[in-house]
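Source file: coords_19.json; contents: JSON, C-alpha atoms and all ligand atoms.
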[["chain", "number", "residue", "atom", "x", "y", "z"],
["A", 1, "MET", "CA", 58.59, -113.98, 88.06],
["A", 2, "ASP", "CA", 57.34, -116.33, 90.78],
["A", 3, "ASP", "CA", 58.26, -119.98, 91.08],
["A", 4, "LEU", "CA", 55.19, -121.39, 89.30],
["A", 5, "MET", "CA", 55.57, -119.04, 86.36],
["A", 6, "LYS", "CA", 59.26, -119.88, 86.05],
["A", 7, "LYS", "CA", 58.43, -123.59, 85.97],
["A", 8, "LEU", "CA", 55.65, -123.12, 83.42],
["A", 9, "HIS", "CA", 57.98, -121.21, 81.13],
["A", 10, "GLU", "CA", 60.63, -123.93, 81.45],
["A", 11, "SER", "CA", 58.08, -126.66, 80.62],
["A", 12, "ALA", "CA", 56.73, -124.64, 77.68],
["A", 13, "GLU", "CA", 60.22, -123.97, 76.34],
["A", 14, "TYR", "CA", 61.12, -127.65, 76.53],
["A", 15, "ILE", "CA", 58.00, -128.68, 74.59],
["A", 16, "SER", "CA", 58.47, -125.90, 72.02],
["A", 17, "GLY", "CA", 62.05, -127.07, 71.52],
["A", 18, "ARG", "CA", 60.91, -130.66, 70.92],
["A", 19, "ILE", "CA", 58.21, -129.78, 68.40],
["A", 20, "GLY", "CA", 60.35, -127.52, 66.25],
["A", 21, "GLY", "CA", 58.33, -125.04, 64.25],
["A", 22, "ARG", "CA", 54.99, -126.90, 64.39],
["A", 23, "LYS", "CA", 52.10, -124.69, 65.28],
["A", 24, "VAL", "CA", 49.56, -125.98, 67.75],
["A", 25, "GLU", "CA", 46.05, -124.66, 67.12],
["A", 26, "ILE", "CA", 43.99, -126.90, 69.40],
["A", 27, "ALA", "CA", 44.98, -128.73, 72.57],
["A", 28, "MET", "CA", 43.06, -131.88, 73.41],
["A", 29, "VAL", "CA", 42.74, -133.92, 76.57],
["A", 30, "LEU", "CA", 41.58, -137.41, 75.74],
["A", 31, "GLY", "CA", 39.67, -139.23, 78.45],
["A", 32, "SER", "CA", 39.09, -142.96, 78.94],
["A", 33, "GLY", "CA", 38.19, -144.60, 75.66],
["A", 34, "LEU", "CA", 39.40, -141.82, 73.41],
["A", 35, "GLY", "CA", 43.13, -142.01, 74.08],
["A", 36, "GLU", "CA", 43.66, -143.99, 70.88],
["A", 37, "LEU", "CA", 42.91, -140.98, 68.73],
["A", 38, "GLY", "CA", 46.33, -139.78, 69.83],
["A", 39, "GLU", "CA", 47.84, -142.69, 67.87],
["A", 40, "LYS", "CA", 46.17, -141.46, 64.68],
["A", 41, "ILE", "CA", 47.68, -138.02, 64.72],
["A", 42, "GLU", "CA", 49.74, -137.43, 61.61],
["A", 43, "ASN", "CA", 53.45, -136.57, 61.61],
["A", 44, "PRO", "CA", 53.49, -137.07, 65.36],
["A", 45, "VAL", "CA", 56.07, -136.07, 67.89],
["A", 46, "PHE", "CA", 55.64, -137.98, 71.17],
["A", 47, "ILE", "CA", 56.85, -136.36, 74.35],
["A", 48, "ASP", "CA", 56.72, -138.38, 77.57],
["A", 49, "TYR", "CA", 55.54, -136.38, 80.55],
["A", 50, "ARG", "CA", 58.50, -137.68, 82.51],
["A", 51, "ASP", "CA", 60.85, -135.88, 80.13],
["A", 52, "ILE", "CA", 59.18, -132.49, 80.52],
["A", 53, "PRO", "CA", 60.67, -130.43, 83.34],
["A", 54, "HIS", "CA", 58.22, -129.99, 86.24],
["A", 55, "PHE", "CA", 55.41, -132.04, 84.61],
["A", 56, "PRO", "CA", 53.42, -134.38, 86.84],
["A", 57, "VAL", "CA", 53.49, -138.06, 85.83],
["A", 58, "SER", "CA", 50.22, -140.03, 85.70],
["A", 59, "THR", "CA", 49.67, -143.15, 87.83],
["A", 60, "VAL", "CA", 46.35, -144.56, 86.54],
["A", 61, "PRO", "CA", 46.55, -147.98, 84.83],
["A", 62, "GLY", "CA", 45.50, -147.67, 81.18],
["A", 63, "HIS", "CA", 46.34, -143.98, 81.04],
["A", 64, "LYS", "CA", 49.36, -143.17, 78.95],
["A", 65, "GLY", "CA", 51.51, -140.30, 80.05],
["A", 66, "ARG", "CA", 52.60, -138.39, 77.01],
["A", 67, "LEU", "CA", 51.90, -135.52, 74.68],
["A", 68, "VAL", "CA", 51.33, -136.16, 71.01],
["A", 69, "VAL", "CA", 51.87, -133.17, 68.75],
["A", 70, "GLY", "CA", 51.02, -133.31, 65.07],
["A", 71, "GLU", "CA", 48.11, -132.84, 62.68],
["A", 72, "LEU", "CA", 44.52, -133.98, 62.79],
["A", 73, "GLU", "CA", 42.00, -133.07, 60.10],
["A", 74, "GLY", "CA", 44.35, -130.39, 58.82],
["A", 75, "LYS", "CA", 44.77, -128.69, 62.20],
["A", 76, "GLY", "CA", 47.86, -128.50, 64.35],
["A", 77, "VAL", "CA", 46.98, -130.35, 67.55],
["A", 78, "MET", "CA", 48.56, -131.27, 70.83],
["A", 79, "CYS", "CA", 46.98, -134.21, 72.64],
["A", 80, "MET", "CA", 47.41, -135.18, 76.23],
["A", 81, "GLN", "CA", 47.26, -138.93, 76.38],
["A", 82, "GLY", "CA", 46.56, -139.29, 80.07],
["A", 83, "ARG", "CA", 45.45, -136.55, 82.41],
["A", 84, "PHE", "CA", 45.97, -135.84, 86.09],
["A", 85, "HIS", "CA", 43.14, -136.55, 88.48],
["A", 86, "PHE", "CA", 42.47, -135.17, 91.94],
["A", 87, "TYR", "CA", 41.85, -138.74, 93.18],
["A", 88, "GLU", "CA", 45.41, -139.73, 92.34],
["A", 89, "GLY", "CA", 46.53, -137.37, 95.08],
["A", 90, "TRP", "CA", 47.48, -134.40, 92.94],
["A", 91, "SER", "CA", 46.29, -131.04, 94.16],
["A", 92, "MET", "CA", 44.03, -129.29, 91.67],
["A", 93, "ASP", "CA", 46.73, -126.84, 90.70],
["A", 94, "GLU", "CA", 48.98, -129.80, 89.89],
["A", 95, "CYS", "CA", 46.12, -131.33, 87.83],
["A", 96, "VAL", "CA", 45.99, -128.22, 85.63],
["A", 97, "TYR", "CA", 49.74, -127.70, 85.27],
["A", 98, "PRO", "CA", 49.72, -128.99, 81.66],
["A", 99, "ILE", "CA", 46.81, -126.71, 80.73],
["A", 100, "ARG", "CA", 48.70, -123.70, 82.06],
["A", 101, "THR", "CA", 51.76, -124.83, 80.12],
["A", 102, "MET", "CA", 49.67, -124.91, 76.94],
["A", 103, "PHE", "CA", 48.53, -121.36, 77.61],
["A", 104, "ILE", "CA", 52.12, -120.20, 78.10],
["A", 105, "MET", "CA", 52.90, -121.82, 74.73],
["A", 106, "GLY", "CA", 50.24, -119.58, 73.19],
["A", 107, "ILE", "CA", 47.50, -122.18, 72.71],
["A", 108, "LYS", "CA", 44.03, -120.67, 72.95],
["A", 109, "SER", "CA", 41.69, -123.59, 72.22],
["A", 110, "LEU", "CA", 41.04, -126.63, 74.38],
["A", 111, "LEU", "CA", 38.95, -129.72, 73.68],
["A", 112, "LEU", "CA", 38.29, -131.85, 76.76],
["A", 113, "THR", "CA", 36.75, -135.30, 76.74],
["A", 114, "ASN", "CA", 35.84, -137.69, 79.52],
["A", 115, "ALA", "CA", 33.98, -140.81, 80.54],
["A", 116, "ALA", "CA", 31.03, -140.04, 82.79],
["A", 117, "GLY", "CA", 28.26, -141.65, 84.79],
["A", 118, "CYS", "CA", 24.83, -140.93, 83.35],
["A", 119, "ILE", "CA", 22.48, -139.24, 85.82],
["A", 120, "ASN", "CA", 19.76, -138.26, 83.34],
["A", 121, "THR", "CA", 17.36, -141.21, 83.40],
["A", 122, "SER", "CA", 16.09, -140.52, 79.85],
["A", 123, "TRP", "CA", 19.55, -141.28, 78.47],
["A", 124, "LYS", "CA", 21.56, -144.47, 78.21],
["A", 125, "PRO", "CA", 25.14, -145.72, 78.31],
["A", 126, "GLY", "CA", 26.91, -144.94, 75.05],
["A", 127, "ASP", "CA", 25.20, -141.54, 74.68],
["A", 128, "LEU", "CA", 27.47, -138.59, 74.02],
["A", 129, "MET", "CA", 26.97, -135.26, 75.78],
["A", 130, "LEU", "CA", 28.08, -131.76, 75.03],
["A", 131, "ILE", "CA", 28.95, -130.21, 78.39],
["A", 132, "THR", "CA", 27.07, -126.91, 78.66],
["A", 133, "ASP", "CA", 27.98, -126.18, 82.28],
["A", 134, "HIS", "CA", 29.23, -127.82, 85.42],
["A", 135, "ILE", "CA", 28.74, -128.10, 89.16],
["A", 136, "LYS", "CA", 31.64, -128.40, 91.56],
["A", 137, "LEU", "CA", 30.78, -128.68, 95.25],
["A", 138, "ILE", "CA", 34.11, -129.96, 96.52],
["A", 139, "PRO", "CA", 35.95, -127.01, 98.01],
["A", 140, "GLU", "CA", 39.30, -127.40, 96.21],
["A", 141, "SER", "CA", 40.10, -125.10, 93.30],
["A", 142, "PRO", "CA", 43.13, -124.97, 91.03],
["A", 143, "ASN", "CA", 43.14, -121.23, 91.63],
["A", 144, "ARG", "CA", 43.14, -121.27, 95.41],
["A", 145, "GLY", "CA", 46.20, -119.52, 96.77],
["A", 146, "PRO", "CA", 48.25, -116.65, 95.41],
["A", 147, "ASN", "CA", 47.06, -115.38, 92.05],
["A", 148, "HIS", "CA", 49.44, -115.48, 89.11],
["A", 149, "ASP", "CA", 48.53, -112.31, 87.21],
["A", 150, "GLU", "CA", 50.21, -113.51, 84.02],
["A", 151, "LEU", "CA", 47.57, -116.26, 83.85],
["A", 152, "GLY", "CA", 44.59, -114.00, 84.44],
["A", 153, "PRO", "CA", 42.67, -112.05, 87.05],
["A", 154, "ARG", "CA", 42.09, -113.11, 90.65],
["A", 155, "PHE", "CA", 38.31, -113.24, 90.17],
["A", 156, "PHE", "CA", 37.08, -114.43, 86.82],
["A", 157, "ASP", "CA", 33.83, -115.17, 85.08],
["A", 158, "MET", "CA", 32.54, -118.73, 84.53],
["A", 159, "CYS", "CA", 29.40, -117.84, 82.51],
["A", 160, "ASN", "CA", 31.13, -118.64, 79.22],
["A", 161, "ALA", "CA", 33.45, -121.32, 80.62],
["A", 162, "TYR", "CA", 32.14, -123.65, 77.91],
["A", 163, "ASP", "CA", 32.42, -121.58, 74.76],
["A", 164, "LYS", "CA", 29.01, -120.98, 73.20],
["A", 165, "ASP", "CA", 30.35, -120.66, 69.65],
["A", 166, "LEU", "CA", 32.20, -123.96, 70.01],
["A", 167, "MET", "CA", 28.95, -125.54, 71.18],
["A", 168, "VAL", "CA", 27.45, -124.46, 67.84],
["A", 169, "THR", "CA", 30.41, -126.06, 66.06],
["A", 170, "ALA", "CA", 29.84, -129.30, 68.00],
["A", 171, "ARG", "CA", 26.10, -129.37, 67.26],
["A", 172, "LYS", "CA", 26.70, -128.85, 63.55],
["A", 173, "ALA", "CA", 29.40, -131.54, 63.52],
["A", 174, "ALA", "CA", 27.07, -134.03, 65.21],
["A", 175, "GLU", "CA", 24.29, -133.23, 62.77],
["A", 176, "LYS", "CA", 26.56, -133.58, 59.76],
["A", 177, "LYS", "CA", 27.78, -136.97, 60.98],
["A", 178, "GLY", "CA", 24.28, -138.15, 62.00],
["A", 179, "ILE", "CA", 25.40, -138.58, 65.60],
["A", 180, "GLY", "CA", 22.94, -137.92, 68.43],
["A", 181, "LEU", "CA", 24.48, -135.42, 70.83],
["A", 182, "ARG", "CA", 22.91, -134.80, 74.23],
["A", 183, "GLU", "CA", 23.56, -131.59, 76.11],
["A", 184, "GLY", "CA", 23.81, -131.13, 79.83],
["A", 185, "VAL", "CA", 25.51, -130.34, 83.09],
["A", 186, "TYR", "CA", 28.52, -132.30, 84.36],
["A", 187, "MET", "CA", 29.02, -132.62, 88.09],
["A", 188, "LEU", "CA", 32.47, -133.18, 89.54],
["A", 189, "PHE", "CA", 32.95, -135.77, 92.27],
["A", 190, "SER", "CA", 36.34, -136.26, 93.84],
["A", 191, "GLY", "CA", 36.48, -140.08, 93.50],
["A", 192, "PRO", "CA", 38.16, -142.50, 93.42],
["A", 193, "ASN", "CA", 35.06, -144.28, 94.73],
["A", 194, "PHE", "CA", 31.99, -144.13, 92.55],
["A", 195, "GLU", "CA", 29.18, -142.07, 94.06],
["A", 196, "THR", "CA", 26.51, -143.36, 96.43],
["A", 197, "PRO", "CA", 22.91, -143.63, 95.16],
["A", 198, "ALA", "CA", 21.98, -140.80, 97.57],
["A", 199, "GLU", "CA", 24.69, -138.56, 96.12],
["A", 200, "ILE", "CA", 23.35, -139.22, 92.63],
["A", 201, "ARG", "CA", 19.76, -138.42, 93.69],
["A", 202, "PHE", "CA", 21.13, -135.18, 95.14],
["A", 203, "ALA", "CA", 23.07, -134.43, 91.94],
["A", 204, "ARG", "CA", 19.93, -134.93, 89.84],
["A", 205, "LEU", "CA", 17.95, -132.57, 92.08],
["A", 206, "ALA", "CA", 20.79, -130.06, 91.72],
["A", 207, "GLY", "CA", 20.44, -130.18, 87.94],
["A", 208, "ALA", "CA", 23.26, -132.50, 86.92],
["A", 209, "ASP", "CA", 22.95, -134.83, 83.93],
["A", 210, "ALA", "CA", 26.30, -136.57, 84.24],
["A", 211, "CYS", "CA", 29.01, -137.07, 86.84],
["A", 212, "GLY", "CA", 32.70, -137.73, 86.74],
["A", 213, "MET", "CA", 36.09, -137.24, 88.33],
["A", 214, "SER", "CA", 37.89, -134.97, 85.85],
["A", 215, "THR", "CA", 37.62, -132.01, 83.46],
["A", 216, "VAL", "CA", 36.31, -129.37, 85.88],
["A", 217, "PRO", "CA", 39.71, -128.33, 87.27],
["A", 218, "GLU", "CA", 40.99, -127.92, 83.71],
["A", 219, "VAL", "CA", 37.95, -125.85, 82.73],
["A", 220, "ILE", "CA", 38.39, -123.55, 85.73],
["A", 221, "ALA", "CA", 42.08, -122.95, 84.98],
["A", 222, "ALA", "CA", 41.34, -122.44, 81.28],
["A", 223, "SER", "CA", 38.59, -119.94, 82.10],
["A", 224, "GLN", "CA", 40.98, -117.77, 84.07],
["A", 225, "MET", "CA", 43.26, -117.75, 81.03],
["A", 226, "ARG", "CA", 40.33, -116.99, 78.69],
["A", 227, "MET", "CA", 40.93, -120.12, 76.66],
["A", 228, "HIS", "CA", 38.13, -121.37, 74.42],
["A", 229, "VAL", "CA", 36.87, -124.64, 75.86],
["A", 230, "LEU", "CA", 34.70, -127.39, 74.43],
["A", 231, "GLY", "CA", 33.79, -130.37, 76.63],
["A", 232, "LEU", "CA", 32.40, -133.74, 75.59],
["A", 233, "SER", "CA", 31.34, -136.61, 77.86],
["A", 234, "CYS", "CA", 30.75, -140.21, 76.95],
["A", 235, "MET", "CA", 28.09, -141.77, 79.20],
["A", 236, "THR", "CA", 29.79, -145.05, 80.04],
["A", 237, "ASN", "CA", 27.35, -146.29, 82.67],
["A", 238, "MET", "CA", 24.16, -145.32, 84.43],
["A", 239, "ALA", "CA", 25.20, -143.53, 87.64],
["A", 240, "ALA", "CA", 24.91, -145.24, 91.02],
["A", 241, "GLY", "CA", 21.47, -146.38, 92.16],
["A", 242, "ILE", "CA", 19.68, -145.81, 88.84],
["A", 243, "LEU", "CA", 19.79, -149.47, 87.86],
["A", 244, "ASP", "CA", 19.64, -152.32, 90.33],
["A", 245, "GLN", "CA", 23.31, -153.16, 89.89],
["A", 246, "SER", "CA", 26.70, -152.16, 91.18],
["A", 247, "LEU", "CA", 29.20, -150.07, 89.24],
["A", 248, "ASN", "CA", 32.59, -151.16, 88.03],
["A", 249, "HIS", "CA", 35.49, -149.81, 86.04],
["A", 250, "GLU", "CA", 35.18, -152.64, 83.46],
["A", 251, "GLU", "CA", 31.79, -151.33, 82.32],
["A", 252, "VAL", "CA", 33.31, -147.87, 81.90],
["A", 253, "ILE", "CA", 36.07, -149.29, 79.68],
["A", 254, "GLU", "CA", 33.68, -151.57, 77.75],
["A", 255, "THR", "CA", 31.26, -148.79, 76.84],
["A", 256, "GLY", "CA", 34.15, -146.49, 75.96],
["A", 257, "ASN", "CA", 35.41, -149.15, 73.55],
["A", 258, "ARG", "CA", 31.95, -149.65, 72.05],
["A", 259, "VAL", "CA", 31.43, -145.99, 71.14],
["A", 260, "LYS", "CA", 34.97, -144.90, 70.47],
["A", 261, "GLY", "CA", 34.46, -145.00, 66.68],
["A", 262, "THR", "CA", 31.48, -142.64, 66.89],
["A", 263, "PHE", "CA", 33.22, -140.44, 69.42],
["A", 264, "GLU", "CA", 36.28, -140.26, 67.20],
["A", 265, "SER", "CA", 34.31, -139.29, 64.11],
["A", 266, "LEU", "CA", 32.56, -136.53, 66.09],
["A", 267, "VAL", "CA", 35.84, -135.20, 67.47],
["A", 268, "ARG", "CA", 37.42, -135.27, 64.00],
["A", 269, "GLU", "CA", 34.56, -133.27, 62.47],
["A", 270, "ILE", "CA", 34.68, -130.77, 65.33],
["A", 271, "VAL", "CA", 38.43, -130.33, 64.90],
["A", 272, "ARG", "CA", 38.03, -130.00, 61.12],
["A", 273, "THR", "CA", 35.46, -127.23, 61.50],
["A", 274, "TRP", "CA", 36.93, -125.50, 64.56],
["A", 275, "PRO", "CA", 36.34, -121.76, 63.97],
["A", 276, "LYS", "CA", 39.44, -119.81, 62.93],
["A", 277, "GLU", "CA", 38.67, -116.93, 65.29],
["A", 278, "LYS", "CA", 38.99, -119.30, 68.27],
["A", 279, "ILE", "CA", 42.51, -120.28, 67.30],
["B", 301, "LIG", "N1", 30.96, -141.74, 88.35],
["B", 301, "LIG", "C1", 32.08, -140.99, 88.32],
["B", 301, "LIG", "N2", 32.95, -141.01, 87.33],
["B", 301, "LIG", "C2", 32.69, -141.84, 86.30],
["B", 301, "LIG", "C3", 31.56, -142.65, 86.26],
["B", 301, "LIG", "C4", 30.64, -142.60, 87.35],
["B", 301, "LIG", "O1", 29.60, -143.28, 87.38],
["B", 301, "LIG", "N3", 31.60, -143.35, 85.09],
["B", 301, "LIG", "C5", 32.74, -142.96, 84.45],
["B", 301, "LIG", "N4", 33.40, -142.05, 85.18]]

Rewrite the structure of this file - the entire thing - as structure tokens.
Amino acid sequence: MDDLMKKLHESAEYISGRIGGRKVEIAMVLGSGLGELGEKIENPVFIDYRDIPHFPVSTVPGHKGRLVVGELEGKGVMCMQGRFHFYEGWSMDECVYPIRTMFIMGIKSLLLTNAAGCINTSWKPGDLMLITDHIKLIPESPNRGPNHDELGPRFFDMCNAYDKDLMVTARKAAEKKGIGLREGVYMLFSGPNFETPAEIRFARLAGADACGMSTVPEVIAASQMRMHVLGLSCMTNMAAGILDQSLNHEEVIETGNRVKGTFESLVREIVRTWPKEKI
């Protein structure tokens, strides 16, 4: 077993030891604005990242750094409160270390959420988007370097990176709750600066509807491991250059706070109706 695999198994064993016999059916990564859902998980066990052997520890203000394991809507869930971003200085394989740990623990389903800049000019801040696909032009990849065969093949498909059946689940959940759900393509930018207006014009021409600084590394790693992924973005601001105003992190947080109730009720319904065959 190579060094990475040894570390992953040690991390997974530590977490399994802390959660006793609880079964985890869905793993969730909660982005800006949705982290609070982690507090509402029932019968929770909190595990600080700093206590897990080999885990990275998050540096972003406002991002907690812990796992919450418990139940939500009758499902066993494990939530990451706080994720690892490329802009913090982590390599992409470090960013996805927790996702690989989840896989080693036997978790097959992954729900990813994020705050995003809105590129689609027909939409507005506060809109929620089902991620149907993504664009990554920055050359880093979590899978660059030696392949770890236990995780999956060297070359792997990305056509079903965002699980089509889970998209159906999300659409039905939105309809049931009377929540408008946009659908579109998320484009990864490395950050930490927001994009330039020219970059956003380019992204729109390329077919992107939203942009952000997370999620894509996790989706790539999860795809190699054949995990079932659902991605949701909250449009927290119009992307650079669309409105005649500058961008700031406060607007991102403000919009996240404004829609977090709606976002939470959508996520709950999705979790409640998550198809058994994806678990
Ligand atoms: N750009 C990149 N990431 C973001 C944005 C944005 O406009 N808003 C929230 N996250």

How big is the axis-aligned box around the listed atoms of range 156-166 of chain A once 4 Å is added on each side, and where is its centre? Give both in Å to one decimal, as JSON.
{"center_x": 33.0, "center_y": -119.2, "center_z": 78.2, "size_x": 16.1, "size_y": 17.5, "size_z": 25.2}

* To do: For range 201-216 of chain A, list every protein, DNA or RNA residue within 6 Å, evaluated using all atoms listed in the file, and leave out those in the same chain fewer than 2 positions away; present the list as a PyMOL selection string.
  => chain A and resi 116-120+184-191+198-199+218-219

* Asked: Which is closest to His134 in chain A among A:Glu251, A:Pro217, A:Leu181, A:Ile107, if we use all atoms listed in the file?
  ->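 For His134 in chain A, the nearest of the given residues is A:Pro217.
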
* To do: Quote the spacing between CA of His54 in chain A and CA of Leu34 in chain A in Å to one decimal place.
  =>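 Between these atoms lies a distance of 25.7 Å.
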
* Counting all atoms listed in the file, figure out which residue out of A:Glu254, A:Asp51, A:Glu175, A:Glu71 gets nearest to ligand LIG 301 (chain B). =>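 With all atoms listed in the file as the atom set, the closest residue is A:Glu254.
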
* Asked: range 11-16 of chain A: which residues within 6 Å, counting all atoms listed in the file, same-chain residues fewer than 3 positions away excluded, as a list in words?
  ->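 The contact residues come out as Leu8, Ile19, Ile52, Pro53, Thr101 and Met105 of chain A.
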
What would the file look like if the residues just selected were written as a PDB file, in the frame of the given file with C-alpha atoms?
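To be explicit, this is the file written out as result_9.pdb:
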ATOM      1  CA  LEU A   8      55.650-123.120  83.420  1.00  0.00           C
ATOM      2  CA  ILE A  19      58.210-129.780  68.400  1.00  0.00           C
ATOM      3  CA  ILE A  52      59.180-132.490  80.520  1.00  0.00           C
ATOM      4  CA  PRO A  53      60.670-130.430  83.340  1.00  0.00           C
ATOM      5  CA  THR A 101      51.760-124.830  80.120  1.00  0.00           C
ATOM      6  CA  MET A 105      52.900-121.820  74.730  1.00  0.00           C
TER       7      MET A 105
END

* Calculate how many Å separate CA of Thr255 in chain A from CA of Thr236 in chain A, rounding to one decimal. => 5.1 Å

* Asked: Pick the closest to Leu232 in chain A from A:Leu137, A:Cys79, A:Val45, A:Ala174: which is it, counting all atoms listed in the file?
  ->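 Distance minimum relative to Leu232 in chain A lands on A:Ala174.
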